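Here is target.cif, consisting of mmCIF, C-alpha atoms:
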data_target
loop_
_atom_site.group_PDB
_atom_site.id
_atom_site.type_symbol
_atom_site.label_atom_id
_atom_site.label_comp_id
_atom_site.auth_asym_id
_atom_site.auth_seq_id
_atom_site.Cartn_x
_atom_site.Cartn_y
_atom_site.Cartn_z
ATOM 1 C CA MET A 73 -2.265 -16.800 -28.315
ATOM 2 C CA LEU A 74 -4.469 -13.687 -28.524
ATOM 3 C CA LEU A 75 -4.867 -11.951 -31.896
ATOM 4 C CA ILE A 76 -6.085 -8.348 -31.779
ATOM 5 C CA GLY A 77 -7.072 -6.467 -34.910
ATOM 6 C CA GLU A 78 -9.848 -4.727 -36.798
ATOM 7 C CA ARG A 79 -12.344 -6.610 -38.926
ATOM 8 C CA GLY A 80 -10.816 -8.014 -42.084
ATOM 9 C CA VAL A 81 -7.122 -7.840 -41.098
ATOM 10 C CA GLY A 82 -6.685 -11.601 -41.497
ATOM 11 C CA LYS A 83 -6.935 -12.956 -37.950
ATOM 12 C CA SER A 84 -8.376 -16.290 -39.129
ATOM 13 C CA ARG A 85 -5.685 -16.644 -41.783
ATOM 14 C CA LEU A 86 -2.938 -15.942 -39.257
ATOM 15 C CA ALA A 87 -4.441 -18.489 -36.864
ATOM 16 C CA LYS A 88 -4.311 -21.174 -39.558
ATOM 17 C CA VAL A 89 -0.728 -20.274 -40.418
ATOM 18 C CA ASN A 90 0.258 -20.712 -36.762
ATOM 19 C CA CYS A 91 -1.333 -24.160 -36.711
ATOM 20 C CA ASP A 92 0.729 -25.356 -39.668
ATOM 21 C CA LYS A 93 -0.479 -28.870 -40.639
ATOM 22 C CA GLU A 94 -2.093 -29.686 -37.301
ATOM 23 C CA PRO A 95 -5.847 -30.427 -37.069
ATOM 24 C CA PHE A 96 -7.658 -27.070 -37.041
ATOM 25 C CA LYS A 97 -11.062 -26.449 -35.445
ATOM 26 C CA SER A 98 -12.714 -23.060 -35.142
ATOM 27 C CA ALA A 99 -15.824 -21.256 -33.935
ATOM 28 C CA ASN A 100 -17.101 -17.703 -33.959
ATOM 29 C CA CYS A 101 -18.257 -16.903 -30.419
ATOM 30 C CA ALA A 102 -20.756 -14.372 -31.782
ATOM 31 C CA SER A 103 -22.673 -17.257 -33.373
ATOM 32 C CA PHE A 104 -23.543 -18.893 -30.032
ATOM 33 C CA ALA A 105 -27.255 -18.226 -29.458
ATOM 34 C CA ASP A 106 -26.961 -18.605 -25.670
ATOM 35 C CA ASP A 107 -24.779 -20.059 -22.922
ATOM 36 C CA LEU A 108 -26.152 -23.578 -23.391
ATOM 37 C CA MET A 109 -25.232 -23.583 -27.060
ATOM 38 C CA ALA A 110 -21.765 -22.210 -26.279
ATOM 39 C CA GLU A 111 -21.094 -24.931 -23.701
ATOM 40 C CA ALA A 112 -22.490 -27.661 -25.967
ATOM 41 C CA GLU A 113 -20.299 -26.523 -28.882
ATOM 42 C CA LEU A 114 -17.167 -26.182 -26.786
ATOM 43 C CA PHE A 115 -17.400 -29.135 -24.433
ATOM 44 C CA GLY A 116 -19.856 -31.512 -26.103
ATOM 45 C CA TYR A 117 -22.874 -33.140 -24.489
ATOM 46 C CA GLU A 118 -24.405 -36.458 -23.516
ATOM 47 C CA GLU A 119 -27.704 -37.895 -24.591
ATOM 48 C CA GLY A 120 -30.529 -36.171 -22.729
ATOM 49 C CA ALA A 121 -28.453 -33.157 -21.680
ATOM 50 C CA PHE A 122 -31.108 -30.852 -23.142
ATOM 51 C CA THR A 123 -34.112 -30.990 -25.445
ATOM 52 C CA GLY A 124 -32.963 -32.334 -28.791
ATOM 53 C CA ALA A 125 -29.817 -34.025 -27.436
ATOM 54 C CA THR A 126 -30.599 -37.501 -28.784
ATOM 55 C CA LYS A 127 -27.037 -38.802 -28.822
ATOM 56 C CA GLU A 128 -23.623 -38.127 -27.341
ATOM 57 C CA VAL A 129 -21.609 -35.505 -29.237
ATOM 58 C CA ASP A 130 -17.993 -34.424 -28.869
ATOM 59 C CA GLY A 131 -17.291 -30.710 -28.519
ATOM 60 C CA LEU A 132 -14.567 -28.582 -30.065
ATOM 61 C CA PHE A 133 -12.205 -29.373 -27.191
ATOM 62 C CA GLN A 134 -12.146 -33.052 -28.123
ATOM 63 C CA GLU A 135 -12.194 -32.441 -31.871
ATOM 64 C CA ALA A 136 -9.138 -30.174 -31.568
ATOM 65 C CA ASP A 137 -7.143 -32.720 -29.531
ATOM 66 C CA LYS A 138 -3.465 -32.705 -30.577
ATOM 67 C CA GLY A 139 -4.232 -29.841 -32.926
ATOM 68 C CA CYS A 140 -5.406 -26.254 -32.755
ATOM 69 C CA LEU A 141 -8.602 -24.552 -31.576
ATOM 70 C CA PHE A 142 -9.402 -21.049 -32.843
ATOM 71 C CA LEU A 143 -12.102 -19.002 -31.101
ATOM 72 C CA ASP A 144 -12.928 -15.757 -32.901
ATOM 73 C CA GLU A 145 -14.713 -12.750 -31.340
ATOM 74 C CA ILE A 146 -13.944 -14.025 -27.851
ATOM 75 C CA HIS A 147 -15.442 -10.862 -26.328
ATOM 76 C CA HIS A 148 -18.936 -12.195 -27.078
ATOM 77 C CA LEU A 149 -18.667 -14.949 -24.465
ATOM 78 C CA SER A 150 -20.761 -14.399 -21.347
ATOM 79 C CA LYS A 151 -19.058 -14.314 -17.954
ATOM 80 C CA ARG A 152 -20.625 -17.694 -17.132
ATOM 81 C CA VAL A 153 -19.048 -19.321 -20.190
ATOM 82 C CA GLN A 154 -15.779 -17.481 -19.566
ATOM 83 C CA ALA A 155 -15.641 -19.021 -16.087
ATOM 84 C CA LYS A 156 -16.296 -22.531 -17.400
ATOM 85 C CA LEU A 157 -13.823 -22.090 -20.220
ATOM 86 C CA MET A 158 -11.188 -20.870 -17.795
ATOM 87 C CA LEU A 159 -11.632 -24.001 -15.623
ATOM 88 C CA ALA A 160 -11.440 -26.249 -18.672
ATOM 89 C CA LEU A 161 -8.163 -24.639 -19.717
ATOM 90 C CA GLN A 162 -6.500 -25.580 -16.428
ATOM 91 C CA THR A 163 -3.781 -28.120 -17.166
ATOM 92 C CA ASP A 164 -2.463 -30.995 -15.067
ATOM 93 C CA GLU A 165 1.129 -32.062 -14.491
ATOM 94 C CA ASN A 166 1.192 -33.563 -18.000
ATOM 95 C CA ASN A 167 -0.098 -30.348 -19.608
ATOM 96 C CA MET A 168 -3.450 -31.991 -20.345
ATOM 97 C CA MET A 169 -6.880 -30.346 -20.081
ATOM 98 C CA SER A 170 -10.074 -32.078 -18.922
ATOM 99 C CA VAL A 171 -13.257 -31.943 -21.009
ATOM 100 C CA HIS A 172 -16.428 -32.043 -18.919
ATOM 101 C CA LYS A 173 -19.405 -32.673 -21.215
ATOM 102 C CA LEU A 174 -22.882 -31.437 -20.446
ATOM 103 C CA ARG A 175 -24.427 -34.249 -18.411
ATOM 104 C CA GLY A 176 -27.712 -35.890 -19.280
ATOM 105 C CA LYS A 177 -29.891 -38.924 -18.641
ATOM 106 C CA LYS A 178 -29.501 -42.119 -20.606
ATOM 107 C CA GLY A 179 -32.467 -44.324 -21.436
ATOM 108 C CA GLY A 180 -35.731 -44.337 -19.536
ATOM 109 C CA ASP A 181 -34.468 -45.539 -16.148
ATOM 110 C CA GLY A 182 -33.344 -42.073 -15.102
ATOM 111 C CA THR A 183 -29.732 -43.115 -14.391
ATOM 112 C CA LYS A 184 -27.007 -40.621 -15.155
ATOM 113 C CA ASN A 185 -24.359 -41.256 -17.788
ATOM 114 C CA LYS A 186 -21.101 -42.243 -16.168
ATOM 115 C CA ASN A 187 -18.739 -40.997 -18.856
ATOM 116 C CA GLU A 188 -15.425 -39.850 -17.416
ATOM 117 C CA ASP A 189 -13.856 -36.530 -18.302
ATOM 118 C CA LYS A 190 -11.652 -36.705 -21.394
ATOM 119 C CA LYS A 191 -8.032 -35.561 -21.375
ATOM 120 C CA VAL A 192 -7.006 -33.384 -24.328
ATOM 121 C CA THR A 193 -4.212 -31.080 -25.373
ATOM 122 C CA PHE A 194 -4.181 -28.440 -28.100
ATOM 123 C CA LYS A 195 -2.959 -24.993 -29.064
ATOM 124 C CA LEU A 196 -5.579 -22.340 -28.259
ATOM 125 C CA ILE A 197 -5.772 -19.175 -30.364
ATOM 126 C CA VAL A 198 -8.411 -16.540 -29.602
ATOM 127 C CA ALA A 199 -9.154 -13.347 -31.484
ATOM 128 C CA THR A 200 -11.018 -10.079 -31.038
ATOM 129 C CA ASN A 201 -11.497 -6.708 -32.714
ATOM 130 C CA ARG A 202 -11.681 -5.008 -29.322
ATOM 131 C CA THR A 203 -8.786 -3.172 -27.691
ATOM 132 C CA ILE A 204 -6.931 -4.406 -24.632
ATOM 133 C CA GLU A 205 -8.597 -1.622 -22.627
ATOM 134 C CA GLU A 206 -12.025 -2.866 -23.701
ATOM 135 C CA LEU A 207 -11.133 -6.489 -22.924
ATOM 136 C CA ARG A 208 -10.167 -5.513 -19.385
ATOM 137 C CA LYS A 209 -13.713 -4.219 -18.891
ATOM 138 C CA ILE A 210 -15.531 -7.036 -20.730
ATOM 139 C CA LEU A 211 -13.727 -10.145 -19.533
ATOM 140 C CA LEU A 212 -13.473 -11.734 -16.104
ATOM 141 C CA PRO A 213 -10.067 -10.816 -14.614
ATOM 142 C CA ASP A 214 -8.970 -14.448 -14.320
ATOM 143 C CA PHE A 215 -10.068 -15.237 -17.868
ATOM 144 C CA TYR A 216 -8.334 -12.107 -19.120
ATOM 145 C CA ASP A 217 -5.109 -13.210 -17.425
ATOM 146 C CA ARG A 218 -5.481 -16.666 -18.935
ATOM 147 C CA ILE A 219 -5.718 -15.519 -22.573
ATOM 148 C CA VAL A 220 -3.547 -12.383 -22.478
ATOM 149 C CA GLN A 221 -0.187 -14.115 -22.493
ATOM 150 C CA ASN A 222 1.107 -14.259 -26.051
ATOM 151 C CA VAL A 223 -0.504 -11.236 -27.730
ATOM 152 C CA ILE A 224 -0.177 -10.312 -31.405
ATOM 153 C CA GLU A 225 -1.586 -6.961 -32.528
ATOM 154 C CA ILE A 226 -2.291 -6.911 -36.271
ATOM 155 C CA PRO A 227 -2.156 -3.389 -37.722
ATOM 156 C CA PRO A 228 -4.896 -2.202 -40.115
ATOM 157 C CA LEU A 229 -3.878 -1.954 -43.747
ATOM 158 C CA ARG A 230 -4.132 1.855 -43.696
ATOM 159 C CA GLU A 231 -1.059 1.887 -41.419
ATOM 160 C CA THR A 232 1.055 -0.150 -43.863
ATOM 161 C CA PRO A 233 0.642 1.477 -47.311
ATOM 162 C CA GLU A 234 4.161 0.336 -48.184
ATOM 163 C CA ASP A 235 2.844 -3.255 -48.241
ATOM 164 C CA ARG A 236 -0.214 -2.458 -50.354
ATOM 165 C CA GLU A 237 1.116 -3.868 -53.622
ATOM 166 C CA ASP A 238 2.159 -7.153 -51.988
ATOM 167 C CA ASP A 239 -1.188 -7.354 -50.178
ATOM 168 C CA TRP A 240 -2.986 -6.842 -53.492
ATOM 169 C CA LYS A 241 -0.976 -9.599 -55.201
ATOM 170 C CA MET A 242 -1.709 -11.976 -52.323
ATOM 171 C CA ILE A 243 -5.463 -11.283 -52.458
ATOM 172 C CA TRP A 244 -5.603 -11.717 -56.241
ATOM 173 C CA SER A 245 -3.778 -15.027 -55.923
ATOM 174 C CA GLN A 246 -6.091 -16.234 -53.162
ATOM 175 C CA MET A 247 -9.173 -15.374 -55.232
ATOM 176 C CA LYS A 248 -7.825 -17.671 -57.989
ATOM 177 C CA PHE A 249 -9.012 -15.484 -60.852
ATOM 178 C CA ALA A 250 -7.844 -16.626 -64.282
ATOM 179 C CA GLY A 251 -7.162 -13.167 -65.699
ATOM 180 C CA LYS A 252 -3.946 -11.155 -65.475
ATOM 181 C CA ILE A 253 -3.668 -9.181 -62.252
ATOM 182 C CA PRO A 254 -4.258 -5.425 -62.686
ATOM 183 C CA ASN A 255 -0.982 -3.853 -61.606
ATOM 184 C CA GLU A 256 -0.428 -0.766 -63.734
ATOM 185 C CA PRO A 257 1.266 2.074 -61.773
ATOM 186 C CA GLU A 258 -1.853 4.272 -61.756
ATOM 187 C CA PHE A 259 -3.883 1.422 -60.264
ATOM 188 C CA ILE A 260 -1.304 0.582 -57.571
ATOM 189 C CA ASN A 261 -0.923 4.269 -56.665
ATOM 190 C CA TRP A 262 -4.709 4.481 -56.244
ATOM 191 C CA LEU A 263 -4.701 1.432 -53.964
ATOM 192 C CA LYS A 264 -2.083 3.114 -51.774
ATOM 193 C CA THR A 265 -4.332 6.148 -51.227
ATOM 194 C CA LEU A 266 -7.246 4.073 -49.897
ATOM 195 C CA GLN A 267 -8.024 3.822 -46.193
ATOM 196 C CA LEU A 268 -9.444 0.287 -46.600
ATOM 197 C CA TYR A 269 -11.505 0.314 -43.413
ATOM 198 C CA GLY A 270 -12.599 -3.222 -44.315
ATOM 199 C CA ASN A 271 -8.918 -4.130 -44.686
ATOM 200 C CA PHE A 272 -8.406 -7.315 -46.750
ATOM 201 C CA ARG A 273 -12.155 -7.555 -47.366
ATOM 202 C CA ASP A 274 -11.973 -4.244 -49.214
ATOM 203 C CA LEU A 275 -9.139 -5.567 -51.394
ATOM 204 C CA GLN A 276 -11.295 -8.623 -52.098
ATOM 205 C CA LYS A 277 -14.127 -6.345 -53.241
ATOM 206 C CA ILE A 278 -11.786 -4.481 -55.580
ATOM 207 C CA ALA A 279 -10.501 -7.783 -56.984
ATOM 208 C CA ILE A 280 -14.079 -8.927 -57.652
ATOM 209 C CA TYR A 281 -14.916 -5.650 -59.422
ATOM 210 C CA CYS A 282 -11.820 -5.964 -61.622
ATOM 211 C CA ASN A 283 -12.520 -9.588 -62.451
ATOM 212 C CA ASP A 284 -16.181 -8.872 -63.246
ATOM 213 C CA PHE A 285 -15.158 -6.197 -65.727
ATOM 214 C CA MET A 286 -12.431 -8.315 -67.326
ATOM 215 C CA THR A 287 -14.505 -11.487 -67.690
ATOM 216 C CA HIS A 288 -17.985 -10.097 -68.420
ATOM 217 C CA ILE A 289 -18.390 -6.370 -68.984
ATOM 218 C CA ASP A 290 -15.373 -5.896 -71.250
ATOM 219 C CA LYS A 291 -16.737 -8.556 -73.625
ATOM 220 C CA ASP A 292 -20.138 -6.874 -73.947
ATOM 221 C CA GLU A 293 -19.822 -3.563 -75.803
ATOM 222 C CA GLU A 294 -23.434 -2.613 -75.143
ATOM 223 C CA LEU A 295 -23.091 -3.249 -71.417
ATOM 224 C CA LYS A 296 -19.740 -1.434 -71.286
ATOM 225 C CA GLU A 297 -21.258 1.594 -73.000
ATOM 226 C CA MET A 298 -24.212 1.560 -70.621
ATOM 227 C CA ILE A 299 -21.935 1.446 -67.570
ATOM 228 C CA GLY A 300 -19.694 4.134 -69.014
ATOM 229 C CA LYS A 301 -16.394 2.623 -67.864
ATOM 230 C CA LYS A 302 -13.668 1.679 -70.332
ATOM 231 C CA THR A 303 -11.221 -0.160 -68.070
ATOM 232 C CA ALA A 304 -11.262 -2.499 -65.082
ATOM 233 C CA PHE A 305 -9.523 0.232 -63.090
ATOM 234 C CA GLU A 306 -12.251 2.793 -63.846
ATOM 235 C CA TYR A 307 -14.980 0.304 -62.989
ATOM 236 C CA ALA A 308 -13.335 -0.899 -59.757
ATOM 237 C CA LYS A 309 -12.681 2.678 -58.629
ATOM 238 C CA SER A 310 -16.278 3.692 -59.282
ATOM 239 C CA GLU A 311 -17.829 0.657 -57.595
ATOM 240 C CA PHE A 312 -15.534 0.841 -54.582
ATOM 241 C CA GLU A 313 -16.433 4.473 -53.942
ATOM 242 C CA LYS A 314 -20.123 3.493 -53.913
ATOM 243 C CA TRP A 315 -19.834 0.537 -51.563
ATOM 244 C CA LYS A 316 -16.679 1.062 -49.488
ATOM 245 C CA SER A 317 -16.686 0.113 -45.816
ATOM 246 C CA PRO A 318 -17.445 2.758 -43.158
ATOM 247 C CA PRO A 319 -14.616 3.908 -40.887
ATOM 248 C CA PRO A 320 -14.317 2.457 -37.388
ATOM 249 C CA GLU A 321 -16.263 4.327 -34.744
ATOM 250 C CA GLN A 322 -14.314 6.938 -32.845
ATOM 251 C CA PRO A 323 -15.184 7.243 -29.160
ATOM 252 C CA GLU A 324 -17.379 10.317 -28.714
ATOM 253 C CA ASP A 325 -16.302 11.501 -32.167
ATOM 254 C CA GLY A 326 -12.905 12.300 -30.670
ATOM 255 C CA ILE A 327 -9.282 11.387 -31.176
ATOM 256 C CA ASP A 328 -7.997 8.486 -29.090
ATOM 257 C CA ILE A 329 -4.412 9.335 -28.130
ATOM 258 C CA LYS A 330 -2.334 7.131 -25.845
ATOM 259 C CA ILE A 331 0.971 8.488 -24.533
ATOM 260 C CA ASP A 332 3.975 6.163 -24.541
ATOM 261 C CA THR A 333 6.529 7.773 -22.257
ATOM 262 C CA HIS A 334 9.317 5.744 -23.886
ATOM 263 C CA LYS A 335 8.877 7.542 -27.219
ATOM 264 C CA THR A 336 10.746 10.674 -28.212
ATOM 265 C CA ALA A 337 9.016 14.025 -28.578
ATOM 266 C CA LYS A 338 9.313 13.648 -32.364
ATOM 267 C CA ASP A 339 7.680 10.194 -32.270
ATOM 268 C CA PHE A 340 4.856 11.473 -30.098
ATOM 269 C CA ARG A 341 4.278 14.492 -32.358
ATOM 270 C CA ASN A 342 4.140 12.282 -35.466
ATOM 271 C CA GLU A 343 1.816 9.841 -33.700
ATOM 272 C CA PHE A 344 -0.501 12.711 -32.781
ATOM 273 C CA TYR A 345 -0.678 13.949 -36.377
ATOM 274 C CA PHE A 346 -1.244 10.385 -37.600
ATOM 275 C CA LYS A 347 -4.217 10.054 -35.233
ATOM 276 C CA LEU A 348 -5.462 13.466 -36.338
ATOM 277 C CA TYR A 349 -5.192 12.302 -39.966
ATOM 278 C CA GLU A 350 -7.178 9.099 -39.191
ATOM 279 C CA TRP A 351 -9.868 11.013 -37.342
ATOM 280 C CA ALA A 352 -10.241 13.719 -40.005
ATOM 281 C CA VAL A 353 -10.392 11.325 -42.964
ATOM 282 C CA GLY A 354 -12.851 9.122 -41.086
ATOM 283 C CA LYS A 355 -15.041 12.119 -40.272
ATOM 284 C CA TYR A 356 -14.959 13.947 -43.615
ATOM 285 C CA GLY A 357 -14.625 11.017 -46.032
ATOM 286 C CA ASP A 358 -11.367 11.590 -47.931
ATOM 287 C CA ILE A 359 -8.044 13.404 -47.771
ATOM 288 C CA GLU A 360 -9.058 16.385 -49.911
ATOM 289 C CA LYS A 361 -12.152 17.175 -47.824
ATOM 290 C CA ALA A 362 -10.315 16.569 -44.538
ATOM 291 C CA ALA A 363 -7.461 18.866 -45.570
ATOM 292 C CA LYS A 364 -9.920 21.606 -46.489
ATOM 293 C CA GLN A 365 -11.740 21.302 -43.153
ATOM 294 C CA LEU A 366 -8.474 21.423 -41.184
ATOM 295 C CA GLY A 367 -7.054 24.273 -43.259
ATOM 296 C CA VAL A 368 -3.952 22.366 -44.379
ATOM 297 C CA SER A 369 -2.662 21.066 -47.701
ATOM 298 C CA PRO A 370 -3.316 17.491 -48.904
ATOM 299 C CA ARG A 371 0.469 17.082 -48.993
ATOM 300 C CA ASN A 372 0.486 17.754 -45.267
ATOM 301 C CA MET A 373 -2.150 15.074 -44.758
ATOM 302 C CA TYR A 374 -0.031 12.529 -46.629
ATOM 303 C CA ASN A 375 2.932 13.377 -44.405
ATOM 304 C CA TRP A 376 0.771 12.864 -41.317
ATOM 305 C CA ARG A 377 -0.373 9.500 -42.689
ATOM 306 C CA ASP A 378 3.205 8.349 -43.353
ATOM 307 C CA LYS A 379 4.367 9.684 -39.957
ATOM 308 C CA ASN A 380 6.829 12.066 -41.550
ATOM 309 C CA ASP A 381 7.626 15.373 -39.923
ATOM 310 C CA PRO A 382 4.601 17.682 -40.282
ATOM 311 C CA ILE A 383 4.867 20.471 -42.836
ATOM 312 C CA ARG A 384 3.876 23.885 -41.588
ATOM 313 C CA SER A 385 1.290 25.381 -43.925
#
Take the structure in the file and write it out as structure tokens.
Amino acid sequence: MLLIGERGVGKSRLAKVNCDKEPFKSANCASFADDLMAEAELFGYEEGAFTGATKEVDGLFQEADKGCLFLDEIHHLSKRVQAKLMLALQTDENNMMSVHKLRGKKGGDGTKNKNEDKKVTFKLIVATNRTIEELRKILLPDFYDRIVQNVIEIPPLRETPEDREDDWKMIWSQMKFAGKIPNEPEFINWLKTLQLYGNFRDLQKIAIYCNDFMTHIDKDEELKEMIGKKTAFEYAKSEFEKWKSPPPEQPEDGIDIKIDTHKTAKDFRNEFYFKLYEWAVGKYGDIEKAAKQLGVSPRNMYNWRDKNDPIRS
């Protein structure tokens, strides 16, 4: 399974959900310092395989046997490691994979270890924040074909404002804060206006700001007066504006439009305005400024965001 989505959309969480109660092992491919480390982590190694290899160690392939292996940021793997990973993923007639550990020398007699390859089976889930077009350029063709079979594209939160309240409740629950969840209409309406370029991570920030105010600042009148915020909503709104995540980079500061010939003219028009909305808000910072720069009303911008028919203004 290949999960595609921006940073913070919950790829790791979705991977765990798909593994149910099976053993779950994971690695972030960006953390591998070099090819040797990547191979050692994935396939394991024998004593003497490299400097510092003082004992035999199982890799993630063996540890994930009969369970699930999740590899995040798969685009960071070198072509050498991609090739080795692709060979390891080849299955036999019993749907088993063979783990080939990094070989080494055992003892001082110079004789090679004679450990046989181990047979394993597991569910493999990989993830990336790159697009399919980028993966085609980055990955070896055979490796690309191997992992691009069951693809799930996770939309960014800015494309699903209708789910914002449920997303907020889920994040608050996951953070396990003791206080009552902020859910007054004004607060929820504010959440729905946010682009949340950090996706769920941005909601986590907002939850932390609210909890900090409710558990600490609100109980200290002197501190509350110094900060100048009377409610958790005011404090969270102020702090989020200071430290919010930057928008994703747009290629050559342009609008990336892909034409789907199966869509109607109305769908394509609304998709164009949605992309224009994303680009303008990302470039100018918020809806009001973007609307002013484009010479349209903020109401028009909201219609573009929600993929409603554009209003002529």
Using only C-alpha atoms, which residues sit within 7 Å of region 101-111 of chain A once same-chain residues fewer than 5 positions away are excluded, as a PDB file with C-alpha atoms, keeping the file's coordinate frame?
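Once everything was written out, this is around-v1.pdb:
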ATOM      1  CA  LEU A 143     -12.102 -19.002 -31.101  1.00  0.00           C
ATOM      2  CA  ASP A 144     -12.928 -15.757 -32.901  1.00  0.00           C
ATOM      3  CA  GLU A 145     -14.713 -12.750 -31.340  1.00  0.00           C
ATOM      4  CA  ILE A 146     -13.944 -14.025 -27.851  1.00  0.00           C
ATOM      5  CA  HIS A 148     -18.936 -12.195 -27.078  1.00  0.00           C
ATOM      6  CA  LEU A 149     -18.667 -14.949 -24.465  1.00  0.00           C
ATOM      7  CA  VAL A 153     -19.048 -19.321 -20.190  1.00  0.00           C
TER       8      VAL A 153
END
Surrounding residues of Gly116 (chain A) excluding itself and chain neighbours under 5 positions, 6 Å, only C-alpha atoms, as a short mmCIF file (atom, residue, chain, number, x, y, z; two decimals) with C-alpha atoms, in the coordinates of the input:
data_model
loop_
_atom_site.label_atom_id
_atom_site.label_comp_id
_atom_site.auth_asym_id
_atom_site.auth_seq_id
_atom_site.Cartn_x
_atom_site.Cartn_y
_atom_site.Cartn_z
CA VAL A 129 -21.61 -35.51 -29.24
CA ASP A 130 -17.99 -34.42 -28.87
CA GLY A 131 -17.29 -30.71 -28.52
CA LYS A 173 -19.40 -32.67 -21.22
#
Expressed in Å, the length from CA of Gln276 (chain A) to CA of Gln246 (chain A) is 9.3 Å
Between CA of Ile359 (chain A) and CA of Pro320 (chain A) - distance in Å to one decimal
16.3 Å
Pull out every residue that the PyMOL selection byres ((chain A and resi 358) around 12) matches in the shown coordinates and put them as a short mmCIF file (atom, residue, chain, number, x, y, z; two decimals) with C-alpha atoms, in the frame of the given file.
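Output below, filename out08.cif:
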data_model
loop_
_atom_site.label_atom_id
_atom_site.label_comp_id
_atom_site.auth_asym_id
_atom_site.auth_seq_id
_atom_site.Cartn_x
_atom_site.Cartn_y
_atom_site.Cartn_z
CA THR A 265 -4.33 6.15 -51.23
CA LEU A 266 -7.25 4.07 -49.90
CA GLN A 267 -8.02 3.82 -46.19
CA LEU A 268 -9.44 0.29 -46.60
CA GLU A 313 -16.43 4.47 -53.94
CA LYS A 316 -16.68 1.06 -49.49
CA PRO A 318 -17.44 2.76 -43.16
CA PRO A 319 -14.62 3.91 -40.89
CA TYR A 349 -5.19 12.30 -39.97
CA GLU A 350 -7.18 9.10 -39.19
CA TRP A 351 -9.87 11.01 -37.34
CA ALA A 352 -10.24 13.72 -40.01
CA VAL A 353 -10.39 11.32 -42.96
CA GLY A 354 -12.85 9.12 -41.09
CA LYS A 355 -15.04 12.12 -40.27
CA TYR A 356 -14.96 13.95 -43.62
CA GLY A 357 -14.62 11.02 -46.03
CA ILE A 359 -8.04 13.40 -47.77
CA GLU A 360 -9.06 16.39 -49.91
CA LYS A 361 -12.15 17.18 -47.82
CA ALA A 362 -10.32 16.57 -44.54
CA ALA A 363 -7.46 18.87 -45.57
CA LYS A 364 -9.92 21.61 -46.49
CA GLN A 365 -11.74 21.30 -43.15
CA PRO A 370 -3.32 17.49 -48.90
CA MET A 373 -2.15 15.07 -44.76
CA TYR A 374 -0.03 12.53 -46.63
#
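The list of residues with at least one atom within 7 Å of region 224-240 of chain A, based on all atoms listed in the file and without residues fewer than 2 positions apart in the same chain, reads Leu74, Leu75, Ile76, Gly77, Glu78, Val81, Asn222, Met242, Ile243, Trp244, Ile260, Leu263, Lys264, Gln267, Leu268, Asn271 and Leu275 of chain A.
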For Asn201 (chain A), the closest of A:Lys93, A:His147, A:His288, A:Lys138 counting only C-alpha atoms is A:His147
Name every residue that the PyMOL selection byres ((chain A and resi 218) around 12) selects in this structure, writing the answer as number ranges by chain with chains first and numbers rising.
A: 73-74, 154-155, 157-163, 196-198, 211-217, 219-223
Would you save the residues from that selection as a JSON list (two decimals), keeping the file's coordinate frame, using C-alpha atoms?
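Output (again.json):
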[["chain", "number", "residue", "atom", "x", "y", "z"],
["A", 73, "MET", "CA", -2.26, -16.80, -28.32],
["A", 74, "LEU", "CA", -4.47, -13.69, -28.52],
["A", 154, "GLN", "CA", -15.78, -17.48, -19.57],
["A", 155, "ALA", "CA", -15.64, -19.02, -16.09],
["A", 157, "LEU", "CA", -13.82, -22.09, -20.22],
["A", 158, "MET", "CA", -11.19, -20.87, -17.80],
["A", 159, "LEU", "CA", -11.63, -24.00, -15.62],
["A", 160, "ALA", "CA", -11.44, -26.25, -18.67],
["A", 161, "LEU", "CA", -8.16, -24.64, -19.72],
["A", 162, "GLN", "CA", -6.50, -25.58, -16.43],
["A", 163, "THR", "CA", -3.78, -28.12, -17.17],
["A", 196, "LEU", "CA", -5.58, -22.34, -28.26],
["A", 197, "ILE", "CA", -5.77, -19.18, -30.36],
["A", 198, "VAL", "CA", -8.41, -16.54, -29.60],
["A", 211, "LEU", "CA", -13.73, -10.14, -19.53],
["A", 212, "LEU", "CA", -13.47, -11.73, -16.10],
["A", 213, "PRO", "CA", -10.07, -10.82, -14.61],
["A", 214, "ASP", "CA", -8.97, -14.45, -14.32],
["A", 215, "PHE", "CA", -10.07, -15.24, -17.87],
["A", 216, "TYR", "CA", -8.33, -12.11, -19.12],
["A", 217, "ASP", "CA", -5.11, -13.21, -17.42],
["A", 219, "ILE", "CA", -5.72, -15.52, -22.57],
["A", 220, "VAL", "CA", -3.55, -12.38, -22.48],
["A", 221, "GLN", "CA", -0.19, -14.12, -22.49],
["A", 222, "ASN", "CA", 1.11, -14.26, -26.05],
["A", 223, "VAL", "CA", -0.50, -11.24, -27.73]]
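Counting from CA of Leu114 (chain A), the distance to CA of Gln134 (chain A) is 8.6 Å.
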Could you spell out the hits of the PyMOL selection byres ((chain A and resi 136) around 9) on the shown file, as a PyMOL selection string?
chain A and resi 95-98+131-135+137-141+192-195
Dump of C-alpha atoms for the selected residues, as a CSV table (one decimal), keeping the file's coordinate frame:
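Full text of again07.csv as output:
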chain,number,residue,atom,x,y,z
A,95,PRO,CA,-5.8,-30.4,-37.1
A,96,PHE,CA,-7.7,-27.1,-37.0
A,97,LYS,CA,-11.1,-26.4,-35.4
A,98,SER,CA,-12.7,-23.1,-35.1
A,131,GLY,CA,-17.3,-30.7,-28.5
A,132,LEU,CA,-14.6,-28.6,-30.1
A,133,PHE,CA,-12.2,-29.4,-27.2
A,134,GLN,CA,-12.1,-33.1,-28.1
A,135,GLU,CA,-12.2,-32.4,-31.9
A,137,ASP,CA,-7.1,-32.7,-29.5
A,138,LYS,CA,-3.5,-32.7,-30.6
A,139,GLY,CA,-4.2,-29.8,-32.9
A,140,CYS,CA,-5.4,-26.3,-32.8
A,141,LEU,CA,-8.6,-24.6,-31.6
A,192,VAL,CA,-7.0,-33.4,-24.3
A,193,THR,CA,-4.2,-31.1,-25.4
A,194,PHE,CA,-4.2,-28.4,-28.1
A,195,LYS,CA,-3.0,-25.0,-29.1
